[in-house]
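Chemist: Encoded as structure tokens, here's the structure I'll be asking about.
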Amino acid sequence: MLDTIDQFLGDTAGLLWGNPLTLILLLGTGLYLTIRLGLVQVVAFREGWRALRGADGRGGGTGQISPFQALSTALSGTIGTGNIAGVATAIALGGPGALFWMWVTAFFGMATKFAETTLAVRYREIAPDGSIAGGPMFTLLHGLKMKKLAILFAAFTLIASFGIGNMVQANSVVDGLTFIVPDLRADDDIMGWMALIIGLTMAVLVALVIIGGVKRIAMIASTIVPFMAVIYMLGAFVVIAANIEAVPAAIGTILNLALNPWAAGGGAIGLAIQYGVARGMFSNEAGLGSSAMAHAAAKNGDPPREGSVAMLEPFIDTIVVCTLTGLAIVVTGAYIDRADDVVGASLTATAFSSTLGPFGAMVVGISLMLFAFSTMIAWSYYGDRSAYFLFGERAVMPYRVVFVILIVIGATIPLGVVWNFSDIANILMAAPNLIALILLAGLVKKLRDDYVAHRPMPDRHEG
């Protein structure tokens, strides 16, 4: 039964992500916004860092969390298993060239992230008690009067939160643990019990955080994210530095397999694009509209200012962290002659261990646990904002209970089912958001121009 479901989900995910129209929609929207907004990811790059530090003199505004906490919360949702398992899966299935297409997705994704966050702050709703709800569903509702499409986005986000933000994370933690304690793989019964124990432990820890809402989530995220990112990046940097002589050849291999139609067979480029774009989007979430919900809660009165902070996410997540993972895998040659079951986190652990020994696997395993935990708490917020939009405040607590229960289930089911489920949920979630970004690109440009010229923002209903 489970094999049949896995096959069906795999075929569906392949149909959606292998369809040229899907790739055109994703990359095309980012390209269109890049042109329409005047290469905003380059022009406003420095502005984003200054706004993050509060060094631009334009802070203030209604909100529940600071821009740094909003970025940390969003990054806790994006810097996750996609940076360890996602990159490795892309390289294992699409070849090293997939990393190049992850870079492309991230570059154009910066413009996408700027636009979706700018609109999320503009169209957010602030309740009498000061709590905030924002995101693409409110953009679709208030900005385009498309209530049905807003409902679809919220519904897909609710479903996606159980996949990309929950079960994938729990499953990858179990996968990573086997590289800290390799003997676990030898006994299915012990592995099954360990998976259950890990799932229950993570469920309790997540429950203790998310019950406190966005403020507690932001506080935990702003503490965990810098620490976990630095630890993992240092490990990857050491692996790359130890194989520094192989870096030029590795970069050449990545570019050759990404752009040369005669390299490694005629289908190499197609697979590289398919898996690179899919995993790139899974990692940085540009186009999904998810992190825009976190940024909507920021204390920032200027939507484009928060947009410039948000567009740092794809840069940090993919162009920095994913590149370190990808280079570590390619320079060590871990992807060559790998066993069939060495995909995802196991491939990254193999690359790290080839240089750092057992300590390398430990770095990957511990990073997976921290990344997964932070991703879960971020996505629980995205899901509960969607539940709030669809059913009202009464649905938030039941949603959190279901979310916590699914952590245990996710820890005990096969990896393939979870990844395929997440790929499908991602594209269904992205479609309504991308439609809104295309239709409201002119408004985003006007808001950006007014912000640069220091003109006051008009009432949202005048837009």
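Each chain in the structure tokens gets a letter, A, B and so on, in the order shown; residues start at 1 in every chain, and ligands are counted from 1 in the order they appear.
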Excluding region 110-124 of chain A and its own-chain neighbours fewer than 4 positions away, which residues fall within 8 Å of it when counting only C-alpha atoms? Please give them as a PyMOL selection string.
Modeler: chain A and resi 29-30+33-34+37+39-41+106+132-136+138-139+142-143+286-287+289+291-293+295-297+302-315+433+437+441+444+460
Chemist: List the neighbours of Ile84 (chain A) out to 9 Å using only C-alpha atoms; skip same-chain residues closer than 6 positions along the sequence, and give me the result as a list in words.
Modeler: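 My list of contacting residues is Val321, Cys322, Thr325, Gly326, Gly344, Ala345, Leu347, Thr348, Ala349, Val364, Ser367 and Leu368 of chain A.
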Chemist: Can you check which residues of region 53-162 of chain A DSSP gives as strand (DSSP E) on the backbone and send them as a list in words?
Modeler: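 Matching residues, listed in order: Glu125, Ile126, Ile132 and Ala133 of chain A.
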Chemist: Filtering to C-alpha atoms, could you give me those residues as a JSON list (two decimals), in the first residue's frame?
Modeler:
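Result file is out_30.json:
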[["chain", "number", "residue", "atom", "x", "y", "z"],
["A", 125, "GLU", "CA", -4.19, 42.67, 9.19],
["A", 126, "ILE", "CA", -3.64, 43.94, 12.73],
["A", 132, "ILE", "CA", -0.78, 40.34, 13.17],
["A", 133, "ALA", "CA", -1.76, 38.09, 10.29]]
Chemist: I'd like the contact shell of region 62-79 of chain A - 6 Å cut-off, only C-alpha atoms, skipping same-chain residues fewer than 5 positions apart - returned as a list in words.
Modeler: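 The residues satisfying every condition are Leu52, Ala218, Ala221, Ser222, Val225, Ser283, Asn284, Ser291, Ala294, His295, Ala297, Ala298, Lys299, Asp317, Ser374, Thr375 and Ala378 of chain A.
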Chemist: Take the residues from that selection and put them in a file with N, CA and C atoms, as an mmCIF file, in the first residue's frame.
Modeler:
data_model
loop_
_atom_site.group_PDB
_atom_site.id
_atom_site.type_symbol
_atom_site.label_atom_id
_atom_site.label_comp_id
_atom_site.auth_asym_id
_atom_site.auth_seq_id
_atom_site.Cartn_x
_atom_site.Cartn_y
_atom_site.Cartn_z
ATOM 1 N N LEU A 52 18.418 45.716 8.348
ATOM 2 C CA LEU A 52 18.488 44.631 9.325
ATOM 3 C C LEU A 52 19.171 45.098 10.607
ATOM 4 N N ALA A 218 9.911 33.554 17.449
ATOM 5 C CA ALA A 218 10.944 34.493 16.994
ATOM 6 C C ALA A 218 12.115 34.538 17.964
ATOM 7 N N ALA A 221 14.078 31.289 17.514
ATOM 8 C CA ALA A 221 14.709 31.269 16.198
ATOM 9 C C ALA A 221 15.915 32.196 16.138
ATOM 10 N N SER A 222 15.787 33.403 16.713
ATOM 11 C CA SER A 222 16.890 34.366 16.663
ATOM 12 C C SER A 222 18.073 33.919 17.512
ATOM 13 N N VAL A 225 19.256 30.125 15.108
ATOM 14 C CA VAL A 225 19.677 30.235 13.710
ATOM 15 C C VAL A 225 21.141 30.649 13.541
ATOM 16 N N SER A 283 14.557 24.788 -0.742
ATOM 17 C CA SER A 283 15.509 25.311 0.229
ATOM 18 C C SER A 283 15.222 26.755 0.611
ATOM 19 N N ASN A 284 15.108 27.657 -0.388
ATOM 20 C CA ASN A 284 14.949 29.083 -0.032
ATOM 21 C C ASN A 284 13.502 29.558 -0.020
ATOM 22 N N SER A 291 7.658 32.679 3.974
ATOM 23 C CA SER A 291 8.365 33.564 4.899
ATOM 24 C C SER A 291 7.763 34.961 4.942
ATOM 25 N N ALA A 294 6.042 35.586 8.156
ATOM 26 C CA ALA A 294 6.864 35.988 9.296
ATOM 27 C C ALA A 294 7.223 37.461 9.203
ATOM 28 N N HIS A 295 7.600 37.911 8.013
ATOM 29 C CA HIS A 295 7.979 39.321 7.838
ATOM 30 C C HIS A 295 6.789 40.263 8.021
ATOM 31 N N ALA A 297 4.803 40.242 10.334
ATOM 32 C CA ALA A 297 4.681 40.550 11.768
ATOM 33 C C ALA A 297 5.776 41.481 12.266
ATOM 34 N N ALA A 298 6.677 41.913 11.373
ATOM 35 C CA ALA A 298 7.810 42.741 11.787
ATOM 36 C C ALA A 298 7.392 44.176 12.103
ATOM 37 N N LYS A 299 8.139 44.789 13.027
ATOM 38 C CA LYS A 299 7.921 46.192 13.376
ATOM 39 C C LYS A 299 8.586 47.060 12.310
ATOM 40 N N ASP A 317 20.695 31.552 2.405
ATOM 41 C CA ASP A 317 20.296 30.149 2.410
ATOM 42 C C ASP A 317 20.924 29.351 1.268
ATOM 43 N N SER A 374 14.262 24.070 14.082
ATOM 44 C CA SER A 374 13.959 25.475 13.793
ATOM 45 C C SER A 374 12.964 25.598 12.643
ATOM 46 N N THR A 375 13.082 24.712 11.648
ATOM 47 C CA THR A 375 12.145 24.748 10.519
ATOM 48 C C THR A 375 10.733 24.406 10.975
ATOM 49 N N ALA A 378 9.075 27.399 12.718
ATOM 50 C CA ALA A 378 8.713 28.456 11.773
ATOM 51 C C ALA A 378 7.476 28.076 10.968
#
Chemist: Residues near Trp101 (chain A), anyone? I mean within 8 Å using only C-alpha atoms, not counting same-chain ones fewer than 5 positions away, as a short mmCIF file (atom, residue, chain, number, x, y, z; two decimals) with C-alpha atoms, in the first residue's frame.
Modeler:
data_model
loop_
_atom_site.label_atom_id
_atom_site.label_comp_id
_atom_site.auth_asym_id
_atom_site.auth_seq_id
_atom_site.Cartn_x
_atom_site.Cartn_y
_atom_site.Cartn_z
CA ALA A 258 24.51 22.53 -16.06
CA ALA A 272 19.92 19.33 -13.58
CA ILE A 273 17.30 22.00 -14.20
CA GLY A 276 18.05 22.18 -9.20
CA VAL A 277 14.95 24.38 -9.45
CA GLY A 280 16.36 25.37 -4.82
#
Chemist: For region 296-407 of chain A against region 169-174 of chain A, with a cut-off of 6 Å and counting only C-alpha atoms, what is the closest atom pair and its distance in Å to one decimal for every residue that makes the cut, ordered by chain and number, as a Markdown table?
Modeler:
| residue | atom | partner | partner_atom | distance |
| --- | --- | --- | --- | --- |
| A:Leu368 | CA | A:Val173 | CA | 5.6 |
| A:Met369 | CA | A:Val173 | CA | 5.4 |
| A:Ala372 | CA | A:Gln169 | CA | 4.8 |
| A:Ile407 | CA | A:Ala170 | CA | 5.9 |
Chemist: Could you state the separation of CA of Leu234 (chain A) and CA of Leu370 (chain A) in Å, given to one decimal place?
Modeler: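 Value for the CA of Leu234 (chain A)-CA of Leu370 (chain A) distance: 15.1 Å.
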Chemist: Counting only C-alpha atoms, which of A:Ala430, A:Val239, A:Ile180, A:Leu406 gets nearest to Ile366 (chain A)?
Modeler: A:Ile180
Chemist: Could you give me the residues within region 319-382 of chain A that DSSP places in helix (DSSP H, G or I), as a PDB file with N, CA and C atoms, in the first residue's frame?
Modeler:
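Writing done, so here's result34.pdb:
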ATOM      1  N   ILE A 319      22.817  30.713  -1.873  1.00  0.00           N
ATOM      2  CA  ILE A 319      24.084  31.110  -2.476  1.00  0.00           C
ATOM      3  C   ILE A 319      25.245  30.909  -1.501  1.00  0.00           C
ATOM      4  N   VAL A 320      24.976  30.957  -0.200  1.00  0.00           N
ATOM      5  CA  VAL A 320      26.042  30.726   0.772  1.00  0.00           C
ATOM      6  C   VAL A 320      25.999  29.292   1.310  1.00  0.00           C
ATOM      7  N   VAL A 321      24.947  28.937   2.050  1.00  0.00           N
ATOM      8  CA  VAL A 321      24.922  27.657   2.756  1.00  0.00           C
ATOM      9  C   VAL A 321      24.826  26.462   1.799  1.00  0.00           C
ATOM     10  N   CYS A 322      23.911  26.523   0.815  1.00  0.00           N
ATOM     11  CA  CYS A 322      23.770  25.397  -0.114  1.00  0.00           C
ATOM     12  C   CYS A 322      25.026  25.214  -0.967  1.00  0.00           C
ATOM     13  N   THR A 323      25.677  26.325  -1.303  1.00  0.00           N
ATOM     14  CA  THR A 323      26.904  26.226  -2.087  1.00  0.00           C
ATOM     15  C   THR A 323      27.983  25.486  -1.309  1.00  0.00           C
ATOM     16  N   LEU A 324      28.094  25.769  -0.023  1.00  0.00           N
ATOM     17  CA  LEU A 324      29.078  25.064   0.801  1.00  0.00           C
ATOM     18  C   LEU A 324      28.796  23.561   0.835  1.00  0.00           C
ATOM     19  N   THR A 325      27.525  23.199   0.973  1.00  0.00           N
ATOM     20  CA  THR A 325      27.157  21.779   0.963  1.00  0.00           C
ATOM     21  C   THR A 325      27.488  21.143  -0.380  1.00  0.00           C
ATOM     22  N   GLY A 326      27.061  21.807  -1.455  1.00  0.00           N
ATOM     23  CA  GLY A 326      27.279  21.269  -2.795  1.00  0.00           C
ATOM     24  C   GLY A 326      28.749  21.106  -3.132  1.00  0.00           C
ATOM     25  N   LEU A 327      29.551  22.111  -2.808  1.00  0.00           N
ATOM     26  CA  LEU A 327      30.983  22.023  -3.088  1.00  0.00           C
ATOM     27  C   LEU A 327      31.641  20.912  -2.270  1.00  0.00           C
ATOM     28  N   ALA A 328      31.215  20.756  -1.020  1.00  0.00           N
ATOM     29  CA  ALA A 328      31.767  19.683  -0.179  1.00  0.00           C
ATOM     30  C   ALA A 328      31.507  18.318  -0.813  1.00  0.00           C
ATOM     31  N   ILE A 329      30.305  18.148  -1.372  1.00  0.00           N
ATOM     32  CA  ILE A 329      29.956  16.868  -2.001  1.00  0.00           C
ATOM     33  C   ILE A 329      30.748  16.647  -3.289  1.00  0.00           C
ATOM     34  N   VAL A 330      30.901  17.708  -4.087  1.00  0.00           N
ATOM     35  CA  VAL A 330      31.571  17.553  -5.385  1.00  0.00           C
ATOM     36  C   VAL A 330      33.085  17.419  -5.234  1.00  0.00           C
ATOM     37  N   VAL A 331      33.702  18.245  -4.383  1.00  0.00           N
ATOM     38  CA  VAL A 331      35.172  18.179  -4.262  1.00  0.00           C
ATOM     39  C   VAL A 331      35.650  16.867  -3.649  1.00  0.00           C
ATOM     40  N   THR A 332      34.820  16.260  -2.824  1.00  0.00           N
ATOM     41  CA  THR A 332      35.206  14.968  -2.224  1.00  0.00           C
ATOM     42  C   THR A 332      34.865  13.785  -3.130  1.00  0.00           C
ATOM     43  N   GLY A 344      20.192  12.229  -0.221  1.00  0.00           N
ATOM     44  CA  GLY A 344      19.871  13.132   0.876  1.00  0.00           C
ATOM     45  C   GLY A 344      20.981  13.359   1.877  1.00  0.00           C
ATOM     46  N   ALA A 345      20.592  13.369   3.148  1.00  0.00           N
ATOM     47  CA  ALA A 345      21.533  13.665   4.226  1.00  0.00           C
ATOM     48  C   ALA A 345      22.674  12.664   4.282  1.00  0.00           C
ATOM     49  N   SER A 346      22.413  11.428   3.871  1.00  0.00           N
ATOM     50  CA  SER A 346      23.460  10.411   3.922  1.00  0.00           C
ATOM     51  C   SER A 346      24.614  10.744   2.982  1.00  0.00           C
ATOM     52  N   LEU A 347      24.309  11.357   1.838  1.00  0.00           N
ATOM     53  CA  LEU A 347      25.355  11.755   0.901  1.00  0.00           C
ATOM     54  C   LEU A 347      26.198  12.888   1.484  1.00  0.00           C
ATOM     55  N   THR A 348      25.550  13.850   2.117  1.00  0.00           N
ATOM     56  CA  THR A 348      26.280  14.946   2.758  1.00  0.00           C
ATOM     57  C   THR A 348      27.157  14.410   3.886  1.00  0.00           C
ATOM     58  N   ALA A 349      26.625  13.491   4.670  1.00  0.00           N
ATOM     59  CA  ALA A 349      27.407  12.891   5.759  1.00  0.00           C
ATOM     60  C   ALA A 349      28.616  12.134   5.227  1.00  0.00           C
ATOM     61  N   THR A 350      28.434  11.471   4.091  1.00  0.00           N
ATOM     62  CA  THR A 350      29.550  10.755   3.467  1.00  0.00           C
ATOM     63  C   THR A 350      30.653  11.724   3.061  1.00  0.00           C
ATOM     64  N   ALA A 351      30.257  12.861   2.478  1.00  0.00           N
ATOM     65  CA  ALA A 351      31.231  13.865   2.057  1.00  0.00           C
ATOM     66  C   ALA A 351      32.001  14.431   3.246  1.00  0.00           C
ATOM     67  N   PHE A 352      31.276  14.768   4.306  1.00  0.00           N
ATOM     68  CA  PHE A 352      31.924  15.315   5.500  1.00  0.00           C
ATOM     69  C   PHE A 352      32.853  14.276   6.150  1.00  0.00           C
ATOM     70  N   SER A 353      32.381  13.027   6.208  1.00  0.00           N
ATOM     71  CA  SER A 353      33.154  11.971   6.870  1.00  0.00           C
ATOM     72  C   SER A 353      34.425  11.625   6.103  1.00  0.00           C
ATOM     73  N   SER A 354      34.407  11.837   4.782  1.00  0.00           N
ATOM     74  CA  SER A 354      35.586  11.505   3.993  1.00  0.00           C
ATOM     75  C   SER A 354      36.779  12.363   4.389  1.00  0.00           C
ATOM     76  N   THR A 355      36.505  13.533   4.974  1.00  0.00           N
ATOM     77  CA  THR A 355      37.576  14.431   5.412  1.00  0.00           C
ATOM     78  C   THR A 355      37.694  14.486   6.928  1.00  0.00           C
ATOM     79  N   LEU A 356      36.565  14.520   7.608  1.00  0.00           N
ATOM     80  CA  LEU A 356      36.565  14.705   9.060  1.00  0.00           C
ATOM     81  C   LEU A 356      36.389  13.412   9.840  1.00  0.00           C
ATOM     82  N   PRO A 358      34.516  10.199  11.596  1.00  0.00           N
ATOM     83  CA  PRO A 358      33.235  10.100  12.308  1.00  0.00           C
ATOM     84  C   PRO A 358      32.710  11.456  12.789  1.00  0.00           C
ATOM     85  N   PHE A 359      33.626  12.399  13.059  1.00  0.00           N
ATOM     86  CA  PHE A 359      33.195  13.719  13.509  1.00  0.00           C
ATOM     87  C   PHE A 359      32.384  14.430  12.428  1.00  0.00           C
ATOM     88  N   GLY A 360      32.706  14.153  11.150  1.00  0.00           N
ATOM     89  CA  GLY A 360      31.967  14.764  10.056  1.00  0.00           C
ATOM     90  C   GLY A 360      30.514  14.352  10.054  1.00  0.00           C
ATOM     91  N   ALA A 361      30.271  13.060  10.264  1.00  0.00           N
ATOM     92  CA  ALA A 361      28.895  12.565  10.334  1.00  0.00           C
ATOM     93  C   ALA A 361      28.169  13.164  11.527  1.00  0.00           C
ATOM     94  N   MET A 362      28.901  13.379  12.615  1.00  0.00           N
ATOM     95  CA  MET A 362      28.300  13.969  13.804  1.00  0.00           C
ATOM     96  C   MET A 362      27.880  15.424  13.545  1.00  0.00           C
ATOM     97  N   VAL A 363      28.719  16.173  12.824  1.00  0.00           N
ATOM     98  CA  VAL A 363      28.380  17.559  12.481  1.00  0.00           C
ATOM     99  C   VAL A 363      27.094  17.598  11.663  1.00  0.00           C
ATOM    100  N   VAL A 364      26.995  16.700  10.676  1.00  0.00           N
ATOM    101  CA  VAL A 364      25.802  16.648   9.837  1.00  0.00           C
ATOM    102  C   VAL A 364      24.579  16.251  10.655  1.00  0.00           C
ATOM    103  N   GLY A 365      24.721  15.242  11.498  1.00  0.00           N
ATOM    104  CA  GLY A 365      23.601  14.773  12.303  1.00  0.00           C
ATOM    105  C   GLY A 365      23.086  15.831  13.261  1.00  0.00           C
ATOM    106  N   ILE A 366      23.991  16.494  13.976  1.00  0.00           N
ATOM    107  CA  ILE A 366      23.595  17.537  14.926  1.00  0.00           C
ATOM    108  C   ILE A 366      22.990  18.727  14.186  1.00  0.00           C
ATOM    109  N   SER A 367      23.580  19.091  13.046  1.00  0.00           N
ATOM    110  CA  SER A 367      23.042  20.206  12.255  1.00  0.00           C
ATOM    111  C   SER A 367      21.633  19.895  11.778  1.00  0.00           C
ATOM    112  N   LEU A 368      21.438  18.645  11.338  1.00  0.00           N
ATOM    113  CA  LEU A 368      20.092  18.238  10.901  1.00  0.00           C
ATOM    114  C   LEU A 368      19.069  18.422  12.009  1.00  0.00           C
ATOM    115  N   MET A 369      19.421  18.027  13.212  1.00  0.00           N
ATOM    116  CA  MET A 369      18.492  18.143  14.336  1.00  0.00           C
ATOM    117  C   MET A 369      18.141  19.593  14.617  1.00  0.00           C
ATOM    118  N   LEU A 370      19.155  20.457  14.641  1.00  0.00           N
ATOM    119  CA  LEU A 370      18.912  21.876  14.911  1.00  0.00           C
ATOM    120  C   LEU A 370      18.141  22.518  13.773  1.00  0.00           C
ATOM    121  N   PHE A 371      18.543  22.220  12.521  1.00  0.00           N
ATOM    122  CA  PHE A 371      17.872  22.790  11.356  1.00  0.00           C
ATOM    123  C   PHE A 371      16.411  22.361  11.317  1.00  0.00           C
ATOM    124  N   ALA A 372      16.186  21.077  11.560  1.00  0.00           N
ATOM    125  CA  ALA A 372      14.827  20.546  11.489  1.00  0.00           C
ATOM    126  C   ALA A 372      13.944  21.155  12.573  1.00  0.00           C
ATOM    127  N   PHE A 373      14.477  21.262  13.772  1.00  0.00           N
ATOM    128  CA  PHE A 373      13.708  21.840  14.877  1.00  0.00           C
ATOM    129  C   PHE A 373      13.307  23.273  14.568  1.00  0.00           C
ATOM    130  N   SER A 374      14.262  24.070  14.082  1.00  0.00           N
ATOM    131  CA  SER A 374      13.959  25.475  13.793  1.00  0.00           C
ATOM    132  C   SER A 374      12.964  25.598  12.643  1.00  0.00           C
ATOM    133  N   THR A 375      13.082  24.712  11.648  1.00  0.00           N
ATOM    134  CA  THR A 375      12.145  24.748  10.519  1.00  0.00           C
ATOM    135  C   THR A 375      10.733  24.406  10.975  1.00  0.00           C
ATOM    136  N   MET A 376      10.620  23.444  11.847  1.00  0.00           N
ATOM    137  CA  MET A 376       9.305  23.059  12.347  1.00  0.00           C
ATOM    138  C   MET A 376       8.597  24.203  13.058  1.00  0.00           C
ATOM    139  N   ILE A 377       9.322  24.914  13.913  1.00  0.00           N
ATOM    140  CA  ILE A 377       8.655  25.970  14.666  1.00  0.00           C
ATOM    141  C   ILE A 377       8.267  27.134  13.750  1.00  0.00           C
ATOM    142  N   ALA A 378       9.075  27.399  12.718  1.00  0.00           N
ATOM    143  CA  ALA A 378       8.713  28.456  11.773  1.00  0.00           C
ATOM    144  C   ALA A 378       7.476  28.076  10.968  1.00  0.00           C
ATOM    145  N   TRP A 379       7.471  26.831  10.452  1.00  0.00           N
ATOM    146  CA  TRP A 379       6.346  26.420   9.625  1.00  0.00           C
ATOM    147  C   TRP A 379       5.067  26.200  10.418  1.00  0.00           C
ATOM    148  N   SER A 380       5.200  25.953  11.691  1.00  0.00           N
ATOM    149  CA  SER A 380       3.982  25.852  12.500  1.00  0.00           C
ATOM    150  C   SER A 380       3.261  27.195  12.519  1.00  0.00           C
ATOM    151  N   TYR A 381       4.042  28.284  12.494  1.00  0.00           N
ATOM    152  CA  TYR A 381       3.448  29.621  12.466  1.00  0.00           C
ATOM    153  C   TYR A 381       2.778  29.884  11.123  1.00  0.00           C
ATOM    154  N   TYR A 382       3.436  29.483  10.028  1.00  0.00           N
ATOM    155  CA  TYR A 382       2.826  29.678   8.709  1.00  0.00           C
ATOM    156  C   TYR A 382       1.511  28.904   8.621  1.00  0.00           C
TER     157      TYR A 382
END
